[in-house]
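First comes the structure, then the notes that go with it.
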Amino acid sequence: MPAIDLVDVSVDFPIYTAQTRSIRTDLMRRIGGRIEHNAHKHTTVVQALRHVSLSLRPGDRLGLIGPNGAGKSTLLRVMSGVYEPPGGAVRIEGKVSALVDITLGFDSELSGYDNIILRSVVLGATIAQARERAPDIAEFSELGEFLTLPIRTYSAGMITRLAFAISTAVQPDILLLDEMVAAGDAHFSKKARERTLAMAESASILVLAIHDSTTLRSFCDKAAVLRSGEIADIGPIDEVLTRYEASAAA
């Protein structure tokens with residue numbers, strides 16, 4: 001049975017160079033949390049998640065809410081297996097599709113076709129399964145003969161189209177979304193959105209991080225507010241959003 005269980009999960013990122021203090025704003029934007037300095041050890045530690053406990057079961061639709069840098073993307077990466085937390089316990093059951101870091105595993109020197117195999121294996125497929133899926137992925141990407149070229153020759157939009165096609169090739173039990181993916185031109189973005197919506201409706205468990213409250217209410221039945229890497233509030237979507245919006249207005 002698909003399930004997500006996080007027990008007292010914490011994620012810290014120690015930074016060991018003095019120069020990192022000058023880029024702390026960018027670091028916070030990327031992984032969230034709070035920053036602490038240890039003058040004695042000359043290190044900076046980003047506390048991206050702090051003592052997060054969460055359980056999700058089939059039928060759960062969870063929206064993640066919070067300002068930029070709150071830890072939403074880091075939490076999604078923990079759920080997807082990209083980050084293995086040094087503190088706490090994580091149990092994930094079921095096939096996971098994470099539309100987070102969708103170009104992870106790409107090799108710019110390899111062709112589009114080779115990257116289909118490589119990225120599919122990174123996502124958990126066998127080589128045989130990756131080869132079986134390749135024609136459908138190629139067709140959905142609409143990249144045609146460009147798939148024979150190294151992806152370093154691709155535009156950013158082409159890379160995103162290929163990454164999206166690979167990441168959504170199989171219907172998952174658990175779907176993790178960091179905003180809605182906009183892939184390529186208007187035609188492809190429409191097609192990508194339609195596929196994403198279909199996957200969201202069919203997934204057993206959905207976790208969605210997005211700032212648009214209308215979309216959250218459409219897809220989610222519960223919400224969790226993250227602040228500085230901690231879950232500050234969790235409960236039914238309308239109740240949590242009402243409290244969050246009132247707090248933001250104040």
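Ordered as shown in the structure tokens, chains take letters A, B, and onward, while each chain numbers its residues from 1 and ligands are numbered from 1 in the order shown.
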Residues of region 152-198 of chain A that have any atom at most 12 Å from an atom of region 53-70 of chain A: could you tabulate them with the shortest-distance atom pair and the distance in Å to one decimal, using only C-alpha atoms, ordered by chain and increasing number, as CSV?
```
residue,atom,partner,partner_atom,distance
A:Asp173,CA,A:Pro58,CA,8.6
A:Ile174,CA,A:Pro58,CA,8.9
A:Leu175,CA,A:Arg61,CA,9.8
A:Leu176,CA,A:Leu62,CA,9.7
A:Leu177,CA,A:Gly63,CA,9.6
A:Asp178,CA,A:Leu64,CA,9.2
A:Glu179,CA,A:Leu64,CA,10.2
```
For the selection you just gave me, I'd like the residues written to a file as a JSON list (two decimals), in the first residue's frame, keeping C-alpha atoms.
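Everything below was put into result.json:
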```
[["chain", "number", "residue", "atom", "x", "y", "z"],
["A", 173, "ASP", "CA", 1.45, 5.77, -6.81],
["A", 174, "ILE", "CA", 2.86, 8.93, -5.21],
["A", 175, "LEU", "CA", 3.14, 12.21, -7.13],
["A", 176, "LEU", "CA", 5.28, 15.04, -5.77],
["A", 177, "LEU", "CA", 4.90, 18.43, -7.44],
["A", 178, "ASP", "CA", 6.91, 21.61, -6.90],
["A", 179, "GLU", "CA", 4.70, 24.17, -8.65]]
```
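For region 164-171 of chain A, the non-local neighbours within 8 Å, defined as residues at least 6 positions apart in the same chain or in other chains and counting only C-alpha atoms, are Ser97, Ala98, Leu99, Ile102, Ile116, Arg119, Ser120, Leu123, Arg133, Asp136, Ile137, Ala138, Phe140, Ser141, Ala183, Ala192, Arg195, Thr196, Met199, Ser202 and Ala203 of chain A.
Between Val45 (chain A) and the residues A:Phe188, A:Tyr244, A:Phe106, A:Phe13, the shortest atom-to-atom distance, using only C-alpha atoms, involves A:Phe13.
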Inset, instruction - Could you please write out, as a count of residues only, every residue of region 1-243 of chain A that DSSP assigns to helix (DSSP H, G or I)? - result: 100
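Between CA of Ala3 (chain A) and CA of Ile210 (chain A) lies a distance of 21.7 Å.
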Inset, instruction - Tell me, as number ranges by chain, which residues lie within 9 Å of region 108-112 of chain A, counting only C-alpha atoms; anything in the same chain fewer than 6 positions away does not count. - result: A: 138, 143, 146-153, 159, 162
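Compared by their closest atoms to His51 (chain A), and using only C-alpha atoms, the residues A:Leu226, A:Val82, A:Ala250, A:Val240 rank with A:Leu226 nearest.
Using only C-alpha atoms, the smallest distance between any of A:Pro85, A:Pro2, A:Pro14, A:Gly71 and Arg227 (chain A) comes from A:Gly71.
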Legend entry - Closest of A:Tyr113, A:Ala223, A:Val52, A:His187 to Gly235 (chain A) - atom-to-atom distances counting only C-alpha atoms: A:Ala223
